[in-house]
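This is work_17.cif (mmCIF, N, CA and C atoms).
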data_query
#
loop_
_atom_site.label_atom_id
_atom_site.label_comp_id
_atom_site.auth_asym_id
_atom_site.auth_seq_id
_atom_site.Cartn_x
_atom_site.Cartn_y
_atom_site.Cartn_z
N MET A 308 17.58 -100.43 -61.62
CA MET A 308 17.28 -100.69 -63.01
C MET A 308 17.58 -102.16 -63.32
N ASN A 309 16.65 -102.82 -63.99
CA ASN A 309 16.84 -104.23 -64.34
C ASN A 309 17.78 -104.36 -65.52
N ASP A 310 18.45 -105.50 -65.58
CA ASP A 310 19.34 -105.77 -66.70
C ASP A 310 18.52 -106.17 -67.93
N LEU A 311 18.98 -105.77 -69.09
CA LEU A 311 18.34 -106.13 -70.33
C LEU A 311 18.73 -107.55 -70.68
N LYS A 312 17.76 -108.41 -70.94
CA LYS A 312 18.01 -109.79 -71.36
C LYS A 312 17.83 -109.86 -72.87
N ILE A 313 18.75 -110.52 -73.55
CA ILE A 313 18.71 -110.63 -75.01
C ILE A 313 18.77 -112.10 -75.39
N VAL A 314 17.83 -112.54 -76.20
CA VAL A 314 17.78 -113.92 -76.68
C VAL A 314 17.84 -113.89 -78.20
N THR A 315 18.89 -114.51 -78.76
CA THR A 315 19.05 -114.53 -80.21
C THR A 315 19.83 -115.77 -80.63
N ASN A 316 19.66 -116.17 -81.88
CA ASN A 316 20.48 -117.25 -82.43
C ASN A 316 21.58 -116.69 -83.33
N ASN A 317 21.68 -115.37 -83.41
CA ASN A 317 22.71 -114.66 -84.17
C ASN A 317 22.74 -115.01 -85.66
N ILE A 318 21.61 -115.37 -86.21
CA ILE A 318 21.53 -115.64 -87.65
C ILE A 318 21.04 -114.38 -88.35
N PRO A 319 21.86 -113.81 -89.24
CA PRO A 319 21.41 -112.64 -89.99
C PRO A 319 20.26 -113.00 -90.94
N ARG A 320 19.27 -112.15 -90.99
CA ARG A 320 18.14 -112.33 -91.88
C ARG A 320 18.21 -111.29 -92.99
N PRO A 321 17.85 -111.68 -94.21
CA PRO A 321 17.97 -110.74 -95.32
C PRO A 321 16.92 -109.63 -95.25
N VAL A 322 17.33 -108.44 -95.65
CA VAL A 322 16.41 -107.33 -95.82
C VAL A 322 15.81 -107.48 -97.21
N PHE A 323 14.50 -107.31 -97.32
CA PHE A 323 13.86 -107.39 -98.62
C PHE A 323 12.91 -106.20 -98.79
N TYR A 324 12.39 -106.04 -99.97
CA TYR A 324 11.59 -104.85 -100.29
C TYR A 324 10.14 -105.20 -100.56
N GLY A 325 9.29 -104.21 -100.52
CA GLY A 325 7.85 -104.38 -100.61
C GLY A 325 7.37 -105.14 -101.83
N TYR A 326 8.05 -104.99 -102.94
CA TYR A 326 7.61 -105.71 -104.14
C TYR A 326 7.77 -107.22 -103.99
N GLU A 327 8.49 -107.67 -102.95
CA GLU A 327 8.67 -109.10 -102.69
C GLU A 327 7.64 -109.66 -101.70
N LEU A 328 6.78 -108.81 -101.15
CA LEU A 328 5.76 -109.25 -100.20
C LEU A 328 4.64 -110.00 -100.91
N THR A 329 4.00 -110.90 -100.17
CA THR A 329 2.81 -111.56 -100.69
C THR A 329 1.64 -110.57 -100.63
N GLU A 330 0.52 -110.92 -101.26
CA GLU A 330 -0.65 -110.03 -101.22
C GLU A 330 -1.14 -109.83 -99.79
N LYS A 331 -1.15 -110.90 -99.00
CA LYS A 331 -1.59 -110.80 -97.61
C LYS A 331 -0.66 -109.89 -96.81
N GLN A 332 0.65 -110.06 -96.99
CA GLN A 332 1.61 -109.21 -96.28
C GLN A 332 1.47 -107.76 -96.73
N THR A 333 1.25 -107.54 -98.00
CA THR A 333 1.07 -106.18 -98.51
C THR A 333 -0.14 -105.52 -97.86
N ALA A 334 -1.22 -106.28 -97.68
CA ALA A 334 -2.42 -105.75 -97.05
C ALA A 334 -2.16 -105.30 -95.61
N ASP A 335 -1.24 -105.96 -94.92
CA ASP A 335 -0.90 -105.58 -93.55
C ASP A 335 -0.19 -104.24 -93.47
N PHE A 336 0.39 -103.80 -94.58
CA PHE A 336 1.14 -102.54 -94.61
C PHE A 336 0.52 -101.55 -95.58
N ASP A 337 -0.81 -101.52 -95.65
CA ASP A 337 -1.50 -100.66 -96.61
C ASP A 337 -1.33 -99.17 -96.31
N TYR A 338 -0.81 -98.83 -95.15
CA TYR A 338 -0.58 -97.43 -94.78
C TYR A 338 0.73 -96.87 -95.37
N ILE A 339 1.58 -97.73 -95.93
CA ILE A 339 2.84 -97.28 -96.51
C ILE A 339 2.58 -96.84 -97.95
N ASP A 340 2.89 -95.58 -98.27
CA ASP A 340 2.60 -95.03 -99.59
C ASP A 340 3.35 -95.73 -100.71
N ASP A 341 4.67 -95.83 -100.60
CA ASP A 341 5.48 -96.45 -101.64
C ASP A 341 6.01 -97.78 -101.12
N ILE A 342 5.13 -98.76 -101.04
CA ILE A 342 5.48 -100.04 -100.42
C ILE A 342 6.54 -100.79 -101.21
N ASP A 343 6.61 -100.59 -102.52
CA ASP A 343 7.59 -101.32 -103.33
C ASP A 343 9.03 -101.02 -102.93
N SER A 344 9.30 -99.80 -102.47
CA SER A 344 10.67 -99.45 -102.11
C SER A 344 10.90 -99.47 -100.59
N ALA A 345 9.88 -99.83 -99.81
CA ALA A 345 10.03 -99.93 -98.36
C ALA A 345 10.79 -101.21 -98.01
N ALA A 346 11.60 -101.16 -96.95
CA ALA A 346 12.42 -102.31 -96.54
C ALA A 346 11.75 -103.06 -95.40
N PHE A 347 11.93 -104.40 -95.41
CA PHE A 347 11.31 -105.28 -94.43
C PHE A 347 12.29 -106.37 -94.01
N VAL A 348 11.98 -106.99 -92.86
CA VAL A 348 12.71 -108.18 -92.40
C VAL A 348 11.69 -109.09 -91.71
N ILE A 349 11.91 -110.40 -91.79
CA ILE A 349 11.03 -111.36 -91.12
C ILE A 349 11.79 -111.97 -89.95
N TYR A 350 11.15 -111.93 -88.77
CA TYR A 350 11.72 -112.52 -87.56
C TYR A 350 10.62 -113.29 -86.85
N LYS A 351 10.85 -114.57 -86.60
CA LYS A 351 9.88 -115.45 -85.95
C LYS A 351 8.53 -115.41 -86.65
N GLY A 352 8.55 -115.36 -87.97
CA GLY A 352 7.33 -115.40 -88.76
C GLY A 352 6.58 -114.08 -88.86
N ILE A 353 7.10 -113.03 -88.26
CA ILE A 353 6.45 -111.72 -88.29
C ILE A 353 7.26 -110.79 -89.20
N VAL A 354 6.56 -110.09 -90.08
CA VAL A 354 7.20 -109.14 -90.98
C VAL A 354 7.28 -107.79 -90.28
N TYR A 355 8.48 -107.22 -90.21
CA TYR A 355 8.69 -105.90 -89.61
C TYR A 355 9.10 -104.93 -90.70
N ALA A 356 8.44 -103.78 -90.73
CA ALA A 356 8.82 -102.71 -91.66
C ALA A 356 9.94 -101.90 -91.01
N MET A 357 10.98 -101.65 -91.76
CA MET A 357 12.12 -100.92 -91.22
C MET A 357 11.74 -99.51 -90.75
N ASP A 358 10.69 -98.93 -91.36
CA ASP A 358 10.31 -97.58 -90.93
C ASP A 358 9.54 -97.58 -89.61
N GLU A 359 9.22 -98.76 -89.05
CA GLU A 359 8.57 -98.85 -87.75
C GLU A 359 9.57 -99.03 -86.61
N ILE A 360 10.83 -99.20 -86.95
CA ILE A 360 11.86 -99.43 -85.95
C ILE A 360 12.30 -98.09 -85.35
N MET A 361 12.37 -98.05 -84.02
CA MET A 361 12.89 -96.88 -83.33
C MET A 361 14.40 -97.01 -83.29
N TRP A 362 15.09 -96.06 -83.86
CA TRP A 362 16.56 -96.12 -83.93
C TRP A 362 17.17 -95.68 -82.62
N LEU A 363 18.19 -96.39 -82.20
CA LEU A 363 18.90 -96.06 -80.96
C LEU A 363 20.04 -95.10 -81.24
N PRO A 364 20.18 -94.06 -80.43
CA PRO A 364 21.32 -93.16 -80.61
C PRO A 364 22.63 -93.87 -80.29
N THR A 365 23.69 -93.46 -80.93
CA THR A 365 25.00 -94.07 -80.73
C THR A 365 25.40 -94.08 -79.26
N ALA A 366 25.02 -93.06 -78.52
CA ALA A 366 25.40 -92.96 -77.11
C ALA A 366 24.81 -94.09 -76.27
N SER A 367 23.73 -94.71 -76.72
CA SER A 367 23.09 -95.76 -75.92
C SER A 367 23.59 -97.15 -76.30
N PHE A 368 24.61 -97.25 -77.18
CA PHE A 368 25.08 -98.56 -77.62
C PHE A 368 25.61 -99.42 -76.48
N GLU A 369 26.17 -98.80 -75.45
CA GLU A 369 26.65 -99.59 -74.31
C GLU A 369 25.49 -100.33 -73.65
N TYR A 370 24.37 -99.66 -73.52
CA TYR A 370 23.19 -100.27 -72.92
C TYR A 370 22.52 -101.25 -73.88
N SER A 371 22.57 -100.97 -75.18
CA SER A 371 21.83 -101.76 -76.16
C SER A 371 22.63 -102.93 -76.73
N ALA A 372 23.80 -103.20 -76.23
CA ALA A 372 24.64 -104.33 -76.67
C ALA A 372 24.97 -104.25 -78.15
N GLY A 373 25.09 -103.05 -78.68
CA GLY A 373 25.48 -102.87 -80.07
C GLY A 373 24.35 -102.96 -81.07
N TYR A 374 23.12 -103.11 -80.62
CA TYR A 374 21.97 -103.14 -81.53
C TYR A 374 21.62 -101.73 -81.98
N HIS A 375 21.07 -101.62 -83.18
CA HIS A 375 20.82 -100.32 -83.79
C HIS A 375 19.41 -99.78 -83.60
N GLY A 376 18.45 -100.66 -83.35
CA GLY A 376 17.08 -100.21 -83.21
C GLY A 376 16.22 -101.23 -82.50
N TYR A 377 14.99 -100.83 -82.18
CA TYR A 377 14.10 -101.72 -81.46
C TYR A 377 12.65 -101.50 -81.89
N TYR A 378 11.84 -102.49 -81.62
CA TYR A 378 10.41 -102.44 -81.85
C TYR A 378 9.76 -102.99 -80.59
N CYS A 379 9.00 -102.17 -79.87
CA CYS A 379 8.36 -102.61 -78.63
C CYS A 379 7.08 -103.37 -78.94
N ASN A 380 6.94 -104.54 -78.31
CA ASN A 380 5.68 -105.25 -78.45
C ASN A 380 5.01 -105.48 -77.09
N SER A 381 5.59 -104.92 -76.03
CA SER A 381 4.99 -104.90 -74.70
C SER A 381 5.69 -103.84 -73.87
N ALA A 382 5.23 -103.65 -72.66
CA ALA A 382 5.85 -102.66 -71.78
C ALA A 382 7.22 -103.11 -71.28
N PHE A 383 7.50 -104.40 -71.38
CA PHE A 383 8.73 -104.93 -70.82
C PHE A 383 9.66 -105.58 -71.84
N GLY A 384 9.31 -105.53 -73.11
CA GLY A 384 10.16 -106.18 -74.09
C GLY A 384 9.79 -105.87 -75.51
N GLY A 385 10.58 -106.45 -76.40
CA GLY A 385 10.35 -106.24 -77.82
C GLY A 385 11.39 -106.97 -78.64
N VAL A 386 11.56 -106.49 -79.84
CA VAL A 386 12.54 -107.06 -80.76
C VAL A 386 13.60 -105.99 -81.01
N ILE A 387 14.87 -106.38 -80.98
CA ILE A 387 15.95 -105.45 -81.27
C ILE A 387 16.66 -105.90 -82.54
N PHE A 388 17.24 -104.95 -83.25
CA PHE A 388 17.80 -105.18 -84.57
C PHE A 388 19.23 -104.66 -84.66
N LYS A 389 20.10 -105.48 -85.25
CA LYS A 389 21.48 -105.09 -85.49
C LYS A 389 21.75 -105.28 -86.99
N PHE A 390 22.06 -104.18 -87.66
CA PHE A 390 22.25 -104.22 -89.11
C PHE A 390 23.70 -104.55 -89.46
N SER A 391 23.86 -105.27 -90.57
CA SER A 391 25.19 -105.60 -91.06
C SER A 391 25.85 -104.33 -91.58
N GLU A 392 27.15 -104.39 -91.81
CA GLU A 392 27.90 -103.24 -92.32
C GLU A 392 27.31 -102.71 -93.63
N CYS A 393 26.93 -103.61 -94.52
CA CYS A 393 26.41 -103.19 -95.83
C CYS A 393 24.91 -102.93 -95.80
N GLY A 394 24.23 -103.30 -94.72
CA GLY A 394 22.81 -103.01 -94.57
C GLY A 394 21.87 -103.96 -95.28
N ASP A 395 22.39 -105.07 -95.81
CA ASP A 395 21.51 -105.99 -96.52
C ASP A 395 21.07 -107.18 -95.66
N ALA A 396 21.45 -107.19 -94.39
CA ALA A 396 21.04 -108.25 -93.47
C ALA A 396 20.86 -107.67 -92.07
N VAL A 397 20.01 -108.32 -91.29
CA VAL A 397 19.69 -107.85 -89.94
C VAL A 397 19.75 -109.04 -88.99
N THR A 398 20.45 -108.89 -87.87
CA THR A 398 20.40 -109.88 -86.80
C THR A 398 19.34 -109.39 -85.81
N CYS A 399 18.35 -110.24 -85.57
CA CYS A 399 17.23 -109.87 -84.70
C CYS A 399 17.34 -110.62 -83.37
N ALA A 400 16.78 -110.03 -82.34
CA ALA A 400 16.78 -110.68 -81.02
C ALA A 400 15.53 -110.26 -80.27
N THR A 401 15.10 -111.11 -79.37
CA THR A 401 14.03 -110.78 -78.44
C THR A 401 14.70 -110.18 -77.21
N SER A 402 14.18 -109.07 -76.72
CA SER A 402 14.75 -108.43 -75.54
C SER A 402 13.65 -108.21 -74.51
N TYR A 403 14.03 -108.31 -73.26
CA TYR A 403 13.09 -108.06 -72.16
C TYR A 403 13.86 -107.73 -70.90
N CYS A 404 13.15 -107.16 -69.93
CA CYS A 404 13.80 -106.87 -68.65
C CYS A 404 12.96 -107.37 -67.51
#
Write-out of the structure in structure tokens:
Amino acid sequence: MNDLKIVTNNIPRPVFYGYELTEKQTADFDYIDDIDSAAFVIYKGIVYAMDEIMWLPTASFEYSAGYHGYYCNSAFGGVIFKFSECGDAVTCATSYC
């Protein structure tokens, strides 16, 4: 099994809600019924909807380096997310193997 590589600058990014999206960003998430109350984060210029994140079970935290969820953008990597204690900020990282 290959080791998981994590690249991050450890800067927490604010969580924001759908009513704060631009019209273009809102159009990208037209499948979300109640977009105003949906949560989002921006990482490397890409808006991620929190409901698209696959949550990691607590048992896998040793493997996931303490991150709470991930979003796959290829077969070998994606973006991983670590939420703050209060849940109003997210530290994002690129991960690959």
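Atom pair CA of Thr315 (chain A) / CA of Cys399 (chain A) has a distance of 6.7 Å (rounded to one decimal).
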Just list the residues in region 333-399 of chain A DSSP gives strand (DSSP E or B) on the backbone, as a short mmCIF file (atom, residue, chain, number, x, y, z; two decimals) with N, CA and C atoms, in the coordinates of the input.
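The new file result-v4.cif reads:
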data_model
loop_
_atom_site.label_atom_id
_atom_site.label_comp_id
_atom_site.auth_asym_id
_atom_site.auth_seq_id
_atom_site.Cartn_x
_atom_site.Cartn_y
_atom_site.Cartn_z
N ALA A 346 11.60 -101.16 -96.95
CA ALA A 346 12.42 -102.31 -96.54
C ALA A 346 11.75 -103.06 -95.40
N PHE A 347 11.93 -104.40 -95.41
CA PHE A 347 11.31 -105.28 -94.43
C PHE A 347 12.29 -106.37 -94.01
N VAL A 348 11.98 -106.99 -92.86
CA VAL A 348 12.71 -108.18 -92.40
C VAL A 348 11.69 -109.09 -91.71
N ILE A 349 11.91 -110.40 -91.79
CA ILE A 349 11.03 -111.36 -91.12
C ILE A 349 11.79 -111.97 -89.95
N TYR A 350 11.15 -111.93 -88.77
CA TYR A 350 11.72 -112.52 -87.56
C TYR A 350 10.62 -113.29 -86.85
N ILE A 353 7.10 -113.03 -88.26
CA ILE A 353 6.45 -111.72 -88.29
C ILE A 353 7.26 -110.79 -89.20
N VAL A 354 6.56 -110.09 -90.08
CA VAL A 354 7.20 -109.14 -90.98
C VAL A 354 7.28 -107.79 -90.28
N TYR A 355 8.48 -107.22 -90.21
CA TYR A 355 8.69 -105.90 -89.61
C TYR A 355 9.10 -104.93 -90.70
N ALA A 356 8.44 -103.78 -90.73
CA ALA A 356 8.82 -102.71 -91.66
C ALA A 356 9.94 -101.90 -91.01
N MET A 361 12.37 -98.05 -84.02
CA MET A 361 12.89 -96.88 -83.33
C MET A 361 14.40 -97.01 -83.29
N TRP A 362 15.09 -96.06 -83.86
CA TRP A 362 16.56 -96.12 -83.93
C TRP A 362 17.17 -95.68 -82.62
N GLY A 376 18.45 -100.66 -83.35
CA GLY A 376 17.08 -100.21 -83.21
C GLY A 376 16.22 -101.23 -82.50
N TYR A 377 14.99 -100.83 -82.18
CA TYR A 377 14.10 -101.72 -81.46
C TYR A 377 12.65 -101.50 -81.89
N TYR A 378 11.84 -102.49 -81.62
CA TYR A 378 10.41 -102.44 -81.85
C TYR A 378 9.76 -102.99 -80.59
N CYS A 379 9.00 -102.17 -79.87
CA CYS A 379 8.36 -102.61 -78.63
C CYS A 379 7.08 -103.37 -78.94
N GLY A 384 9.31 -105.53 -73.11
CA GLY A 384 10.16 -106.18 -74.09
C GLY A 384 9.79 -105.87 -75.51
N GLY A 385 10.58 -106.45 -76.40
CA GLY A 385 10.35 -106.24 -77.82
C GLY A 385 11.39 -106.97 -78.64
N VAL A 386 11.56 -106.49 -79.84
CA VAL A 386 12.54 -107.06 -80.76
C VAL A 386 13.60 -105.99 -81.01
N ILE A 387 14.87 -106.38 -80.98
CA ILE A 387 15.95 -105.45 -81.27
C ILE A 387 16.66 -105.90 -82.54
N PHE A 388 17.24 -104.95 -83.25
CA PHE A 388 17.80 -105.18 -84.57
C PHE A 388 19.23 -104.66 -84.66
N LYS A 389 20.10 -105.48 -85.25
CA LYS A 389 21.48 -105.09 -85.49
C LYS A 389 21.75 -105.28 -86.99
N PHE A 390 22.06 -104.18 -87.66
CA PHE A 390 22.25 -104.22 -89.11
C PHE A 390 23.70 -104.55 -89.46
N ALA A 396 21.45 -107.19 -94.39
CA ALA A 396 21.04 -108.25 -93.47
C ALA A 396 20.86 -107.67 -92.07
N VAL A 397 20.01 -108.32 -91.29
CA VAL A 397 19.69 -107.85 -89.94
C VAL A 397 19.75 -109.04 -88.99
N THR A 398 20.45 -108.89 -87.87
CA THR A 398 20.40 -109.88 -86.80
C THR A 398 19.34 -109.39 -85.81
N CYS A 399 18.35 -110.24 -85.57
CA CYS A 399 17.23 -109.87 -84.70
C CYS A 399 17.34 -110.62 -83.37
#
Might you pull out every residue within 6 Å of region 322-325 of chain A, with only N, CA and C atoms counted and same-chain residues fewer than 4 positions away left off, and present them as a tab-separated table (two decimals) with N, CA and C atoms, in the coordinates of the input?
chain	number	residue	atom	x	y	z
A	342	ILE	N	5.13	-98.76	-101.04
A	342	ILE	CA	5.48	-100.04	-100.42
A	342	ILE	C	6.54	-100.79	-101.21
A	343	ASP	N	6.61	-100.59	-102.52
A	343	ASP	CA	7.59	-101.32	-103.33
A	343	ASP	C	9.03	-101.02	-102.93
A	344	SER	N	9.30	-99.80	-102.47
A	344	SER	CA	10.67	-99.45	-102.11
A	344	SER	C	10.90	-99.47	-100.59
A	345	ALA	N	9.88	-99.83	-99.81
A	345	ALA	CA	10.03	-99.93	-98.36
A	345	ALA	C	10.79	-101.21	-98.01
A	346	ALA	N	11.60	-101.16	-96.95
A	346	ALA	CA	12.42	-102.31	-96.54
A	346	ALA	C	11.75	-103.06	-95.40
A	347	PHE	N	11.93	-104.40	-95.41
A	347	PHE	CA	11.31	-105.28	-94.43
A	347	PHE	C	12.29	-106.37	-94.01
A	348	VAL	N	11.98	-106.99	-92.86
A	348	VAL	CA	12.71	-108.18	-92.40
A	348	VAL	C	11.69	-109.09	-91.71
A	395	ASP	N	22.39	-105.07	-95.81
A	395	ASP	CA	21.51	-105.99	-96.52
A	395	ASP	C	21.07	-107.18	-95.66
A	396	ALA	N	21.45	-107.19	-94.39
A	396	ALA	CA	21.04	-108.25	-93.47
A	396	ALA	C	20.86	-107.67	-92.07
A	397	VAL	N	20.01	-108.32	-91.29
A	397	VAL	CA	19.69	-107.85	-89.94
A	397	VAL	C	19.75	-109.04	-88.99
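Those residues of region 308-396 of chain A that DSSP, working from the backbone, places in helix (DSSP H, G or I) are A:Gly325, A:Tyr326, A:Glu327, A:Glu330, A:Lys331, A:Gln332, A:Thr333, A:Ala334, A:Asp335, A:Ile342, A:Asp343, A:Ser344, A:Met357, A:Asp358, A:Glu359, A:Thr365, A:Ala366, A:Ser367, A:Phe368, A:Glu369, A:Tyr370, A:Ser371.
The gap separating CA of Asp358 (chain A) from CA of Asn317 (chain A) is 22.2 Å, in Å to one decimal.
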Polymer residues at most 7 Å from Cys379 (chain A), all atoms listed in the file, same-chain spacing of 6 or more positions, as a list in words: Met361, Gly385 and Val386 of chain A
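Taking atom N of Ala334 (chain A) as the reference point, atom C of Ser402 (chain A) is found at 27.6 Å.
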Counting only C-alpha atoms, the residue among A:Ala356, A:Ala382, A:Cys404, A:Ile349 that lies closest to Leu311 (chain A) is A:Cys404
* **Exercise: His375 (chain A) partners within 9 Å, only C-alpha atoms, chain neighbours under 6 positions left out, as an MDAnalysis selection string** => chainID A and resid 361:365 368 387:390
Margin query: Would you pick out the contacts of Asn316 (chain A) at 10 Å or less, using only C-alpha atoms, so that residues sharing its chain but fewer than 5 positions from it are not included, and give the list as a list in words?
Written below: Thr398, Cys399, Ala400 and Thr401 of chain A
Across A:Phe336, A:Arg320, A:Gly384, A:Ile313, the smallest distance to Tyr350 (chain A), with all atoms listed in the file counted, is shown by A:Arg320
